[in-house]
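Enquirer: Okay, here's the structure, questions in a sec.
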Amino acid sequence: MPYEEFIPGLVPMFSEKSLCITYKGFQEICVRRSRRGLKGKPYYMAIHVPEVLSKARIECEWKLEHRIRDKSDLIRQRLQSSSSLATFLKEFILIAETCMQHVHSDAMWSDWNEEIVEQVLEIDSNKLLSIDEDFSAVQIGITDEGGRLHKIKIHLKTQSTTAVPVCITDLPHKLEFNWATNTRLKHVVEQFEATVLSYQNFWNTLKEIDEKCWVLEPEHPSFSATHRRIALGQNLSLHITVNCQQPSTLPECRFLGAESATAPLREKLNVNLLRWDVERSLLNNLQEVLDFDFPSPADTSRTELSMDCGICYCLHLNEEVPNVVCEDKRCAQAFHQSCLYEWLRSLSSRQSFNTIFGECPFCSHPIRVKMPAS
Amino acid sequence: MTSMEKRLQKELQAMTKDPPVGVKVNMESLSSNLSEWVVDIDGATGTLYEGEKFQLGFKFTPRYPFDSPQVMFIGRNIPVHPHIYSNGHICLSILTEDWSPALSVQSVCLSIVSMLSSCKEKKLPPDNAIYVRTCSKDPKKTRWWYHDNSV
């Protein structure tokens, strides 16, 4: 066993179970040449030496490990040829120093990268989702009271930790955060977390609607979506835009369906508006004011509320939901604007400016549709 | 999936789940993108075609349901009917100029079944001989002259 009593900077530690000796400690490695001569920095390392030196295993802190990774073959070769640990260590430090200086000379690994890593390490590791390979973006996730995972992606400006990073979030409003030159990533995460907490009421309100109503649109609501289209009956729906700051106040309401069906609901909304009570949930208020129990997935099946387009037989066509309805209340068939337009156009129907006139394909009642935007 | 496939998928689901009497989609005939179907039709009881079996071939273009499907009788047994030519072509206005996307495979099949059922006398169309010799392969290319609406 090649036990060497004195290795500068490393302390030998004996294992009781095996014959392996571990040398732990710090070694100074020259990082760069400055005007005042060589600038060294101590790096932690541990060398596990079993019976023979050539089988030794080297562990060191990540900053050093990262830089000597490419030289692992060379290091192994030196290990084989060294007669003692002390001579190997000298060789090892020489290799490490060339690696350090080489890396410093090109921009691959800079103080900036180091700074980012330092800042990322300050963030709770449970919240860290990913870091881009080139350190240009960090993704953080925060789970709120309702068990919802909110993500923020922070795009960092390369080579500068003082520039304002660009943050991508899924919030109803753009994330506003204070930024000063000494602001660190953890501060951005703290502000994001505070913002997420401030929207709890809003998300809880929409969660109630998503669970208790037939929501036709959006198909897969994101956290930023403030609108919902709620099915009220066959070919009748309500489109609401919720105030994300005060979710229990009256949302912006639009009814979609045949005029004969939507007019009474609009009337009720106007008459009963005074009965709106901000202490109640948004859904309760809507049902109270409209004097109408919304069909829920618990008591109604999706087919009973057919809102599908009468032409393509689907609800979602790209981003569109059926938004043109036959005005004959016995028919009340809904269509995607683009499907109906396509059909009427193929009949070379009468067109005036951007509106095309024709007949409902189902009941022949007069119908008209505006040219789709695209 | 294209919008034609999506719609046909839904029509197929509805027809296999709740098939109308005497109408059955031949599942083996379906092409992978659903652009071709064969539907088995039974002559309705109490009519001239009772006990007979027919097959309808459907072909859909990618523009379905804006374009009507191509529908004709195929196979060995072509019904003898004043509006059905001996090559399988059907003279029925909803298959061409009266087509509407509100119609479907099911409603077309039911129209054809009812057209057969209301027939009083089994005879070929008066112009059958000349039509069969001169027509295009695609019945949709024929400029139909709808003789009458009684059957």
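Just so we're on the same page: first chain in the structure tokens is A, next is B, and so on; residues restart at 1 for each chain, and ligands are numbered from 1 in the order they show up.
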DSSP on the backbone: what in region 239-338 of chain A comes out alpha helix (DSSP H), as a PyMOL selection string?
Expert: chain A and resi 259-271+282-290+337-338
Enquirer: Based on DSSP run over this structure's backbone, return all residues of region 14-145 of chain B in strand (DSSP E or B), as a VMD selection string.
Expert: chain B and resid 23 to 25 36 to 42 53 to 59 70 to 74 81 84 89 to 90
Enquirer: With only C-alpha atoms as the counted atoms, please give the residues lying no more than 7 Å from region 223-240 of chain A, apart from itself and same-chain residues fewer than 3 positions off, as a PDB file with N, CA and C atoms, in the first residue's frame.
Expert:
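Here's the written file selection03.pdb:
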ATOM      1  N   ASP A 170     -46.735  32.528 -17.711  1.00  0.00           N
ATOM      2  CA  ASP A 170     -48.102  32.253 -18.145  1.00  0.00           C
ATOM      3  C   ASP A 170     -49.025  32.922 -17.131  1.00  0.00           C
ATOM      4  N   LEU A 171     -49.054  34.249 -17.163  1.00  0.00           N
ATOM      5  CA  LEU A 171     -49.857  35.025 -16.214  1.00  0.00           C
ATOM      6  C   LEU A 171     -50.826  35.892 -17.014  1.00  0.00           C
ATOM      7  N   PRO A 172     -51.963  36.275 -16.384  1.00  0.00           N
ATOM      8  CA  PRO A 172     -52.926  37.104 -17.114  1.00  0.00           C
ATOM      9  C   PRO A 172     -52.323  38.439 -17.554  1.00  0.00           C
ATOM     10  N   CYS A 213     -68.860  23.602 -15.003  1.00  0.00           N
ATOM     11  CA  CYS A 213     -69.577  23.964 -16.222  1.00  0.00           C
ATOM     12  C   CYS A 213     -68.972  23.236 -17.411  1.00  0.00           C
ATOM     13  N   TRP A 214     -69.724  23.266 -18.492  1.00  0.00           N
ATOM     14  CA  TRP A 214     -69.177  22.783 -19.753  1.00  0.00           C
ATOM     15  C   TRP A 214     -68.480  23.952 -20.413  1.00  0.00           C
ATOM     16  N   VAL A 215     -67.164  23.971 -20.303  1.00  0.00           N
ATOM     17  CA  VAL A 215     -66.411  25.063 -20.914  1.00  0.00           C
ATOM     18  C   VAL A 215     -66.034  24.647 -22.336  1.00  0.00           C
ATOM     19  N   LEU A 216     -66.500  25.433 -23.306  1.00  0.00           N
ATOM     20  CA  LEU A 216     -66.251  25.082 -24.704  1.00  0.00           C
ATOM     21  C   LEU A 216     -64.935  25.668 -25.184  1.00  0.00           C
ATOM     22  N   GLU A 217     -64.571  26.766 -24.566  1.00  0.00           N
ATOM     23  CA  GLU A 217     -63.402  27.486 -25.056  1.00  0.00           C
ATOM     24  C   GLU A 217     -62.791  28.253 -23.885  1.00  0.00           C
ATOM     25  N   PRO A 218     -61.490  28.290 -23.712  1.00  0.00           N
ATOM     26  CA  PRO A 218     -60.478  27.575 -24.491  1.00  0.00           C
ATOM     27  C   PRO A 218     -60.507  26.073 -24.201  1.00  0.00           C
ATOM     28  N   CYS A 244     -59.030  39.754 -13.749  1.00  0.00           N
ATOM     29  CA  CYS A 244     -58.117  38.900 -12.985  1.00  0.00           C
ATOM     30  C   CYS A 244     -57.742  39.494 -11.629  1.00  0.00           C
ATOM     31  N   PRO A 251     -68.138  40.030 -14.845  1.00  0.00           N
ATOM     32  CA  PRO A 251     -67.240  39.915 -16.009  1.00  0.00           C
ATOM     33  C   PRO A 251     -67.906  40.512 -17.244  1.00  0.00           C
ATOM     34  N   GLU A 252     -67.109  40.646 -18.282  1.00  0.00           N
ATOM     35  CA  GLU A 252     -67.671  41.073 -19.558  1.00  0.00           C
ATOM     36  C   GLU A 252     -68.420  39.862 -20.138  1.00  0.00           C
ATOM     37  N   CYS A 253     -69.704  40.034 -20.455  1.00  0.00           N
ATOM     38  CA  CYS A 253     -70.526  38.899 -20.902  1.00  0.00           C
ATOM     39  C   CYS A 253     -70.989  39.083 -22.339  1.00  0.00           C
ATOM     40  N   ARG A 254     -70.920  38.003 -23.113  1.00  0.00           N
ATOM     41  CA  ARG A 254     -71.486  37.998 -24.464  1.00  0.00           C
ATOM     42  C   ARG A 254     -72.206  36.680 -24.648  1.00  0.00           C
ATOM     43  N   PHE A 255     -73.436  36.753 -25.178  1.00  0.00           N
ATOM     44  CA  PHE A 255     -74.174  35.510 -25.399  1.00  0.00           C
ATOM     45  C   PHE A 255     -74.057  35.107 -26.846  1.00  0.00           C
ATOM     46  N   LEU A 256     -73.980  33.805 -27.086  1.00  0.00           N
ATOM     47  CA  LEU A 256     -73.943  33.340 -28.464  1.00  0.00           C
ATOM     48  C   LEU A 256     -75.043  32.300 -28.663  1.00  0.00           C
ATOM     49  N   GLY A 257     -75.910  32.580 -29.638  1.00  0.00           N
ATOM     50  CA  GLY A 257     -76.992  31.657 -29.926  1.00  0.00           C
ATOM     51  C   GLY A 257     -78.006  32.390 -30.766  1.00  0.00           C
ATOM     52  N   PHE A 294     -76.552  26.452 -14.780  1.00  0.00           N
ATOM     53  CA  PHE A 294     -75.706  26.064 -15.894  1.00  0.00           C
ATOM     54  C   PHE A 294     -75.593  24.546 -15.955  1.00  0.00           C
ATOM     55  N   PRO A 295     -75.734  23.970 -17.137  1.00  0.00           N
ATOM     56  CA  PRO A 295     -75.536  22.519 -17.222  1.00  0.00           C
ATOM     57  C   PRO A 295     -74.100  22.172 -16.822  1.00  0.00           C
ATOM     58  N   GLU A 304     -75.607  16.341 -25.442  1.00  0.00           N
ATOM     59  CA  GLU A 304     -76.847  17.092 -25.261  1.00  0.00           C
ATOM     60  C   GLU A 304     -76.648  18.568 -25.552  1.00  0.00           C
ATOM     61  N   LEU A 305     -75.422  19.026 -25.405  1.00  0.00           N
ATOM     62  CA  LEU A 305     -75.160  20.451 -25.568  1.00  0.00           C
ATOM     63  C   LEU A 305     -74.531  20.716 -26.920  1.00  0.00           C
ATOM     64  N   SER A 306     -74.894  19.880 -27.872  1.00  0.00           N
ATOM     65  CA  SER A 306     -74.210  19.969 -29.157  1.00  0.00           C
ATOM     66  C   SER A 306     -73.963  21.404 -29.578  1.00  0.00           C
ATOM     67  N   MET A 307     -72.705  21.746 -29.637  1.00  0.00           N
ATOM     68  CA  MET A 307     -72.317  23.073 -30.096  1.00  0.00           C
ATOM     69  C   MET A 307     -71.458  22.890 -31.346  1.00  0.00           C
ATOM     70  N   ALA A 332     -81.579  26.783 -35.077  1.00  0.00           N
ATOM     71  CA  ALA A 332     -80.516  27.267 -34.185  1.00  0.00           C
ATOM     72  C   ALA A 332     -79.186  26.544 -34.389  1.00  0.00           C
ATOM     73  N   GLN A 333     -78.975  26.015 -35.573  1.00  0.00           N
ATOM     74  CA  GLN A 333     -77.738  25.293 -35.832  1.00  0.00           C
ATOM     75  C   GLN A 333     -76.550  26.267 -35.819  1.00  0.00           C
ATOM     76  N   ALA A 334     -75.457  25.837 -35.200  1.00  0.00           N
ATOM     77  CA  ALA A 334     -74.259  26.679 -35.135  1.00  0.00           C
ATOM     78  C   ALA A 334     -73.251  26.255 -36.202  1.00  0.00           C
TER      79      ALA A 334
END
Enquirer: With only C-alpha atoms as the basis for distance, which of A:Leu79, A:Val188, A:Leu85, A:Val242 is at the shortest distance from Tyr23 (chain A)?
Expert: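 For Tyr23 (chain A), the nearest of the given residues is A:Leu85.
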Enquirer: Using only C-alpha atoms, find which residues of chain A lie within 10 Å of chain B and jot them down as a PyMOL selection string.
Expert: chain A and resi 310-314+317+339-340+342-344+346-347+360-363
Enquirer: Can you pull out the residues contacting Glu190 (chain A)? Cut-off 10 Å, using only C-alpha atoms, and skip same-chain residues under 5 positions away; I want them as number ranges by chain.
Expert: A: 123, 177, 185, 195-196
Enquirer: Could you please take those selected residues and save N, CA and C atoms as a compact mmCIF listing (two decimals), in the first residue's frame?
Expert:
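Result file is out.txt:
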# COMPACT_ATOMS: atom_id res chain seq x y z
N ILE A 123 -31.15 29.84 -5.56
CA ILE A 123 -32.58 29.55 -5.70
C ILE A 123 -32.85 28.18 -5.13
N PHE A 177 -41.52 43.39 -12.61
CA PHE A 177 -40.60 43.20 -11.50
C PHE A 177 -39.59 44.34 -11.45
N LEU A 185 -31.07 36.69 -9.42
CA LEU A 185 -32.15 35.83 -9.93
C LEU A 185 -33.15 35.49 -8.84
N THR A 195 -46.36 37.43 -7.23
CA THR A 195 -47.38 37.70 -8.25
C THR A 195 -48.31 36.50 -8.39
N VAL A 196 -47.71 35.30 -8.41
CA VAL A 196 -48.52 34.09 -8.51
C VAL A 196 -49.52 34.03 -7.36
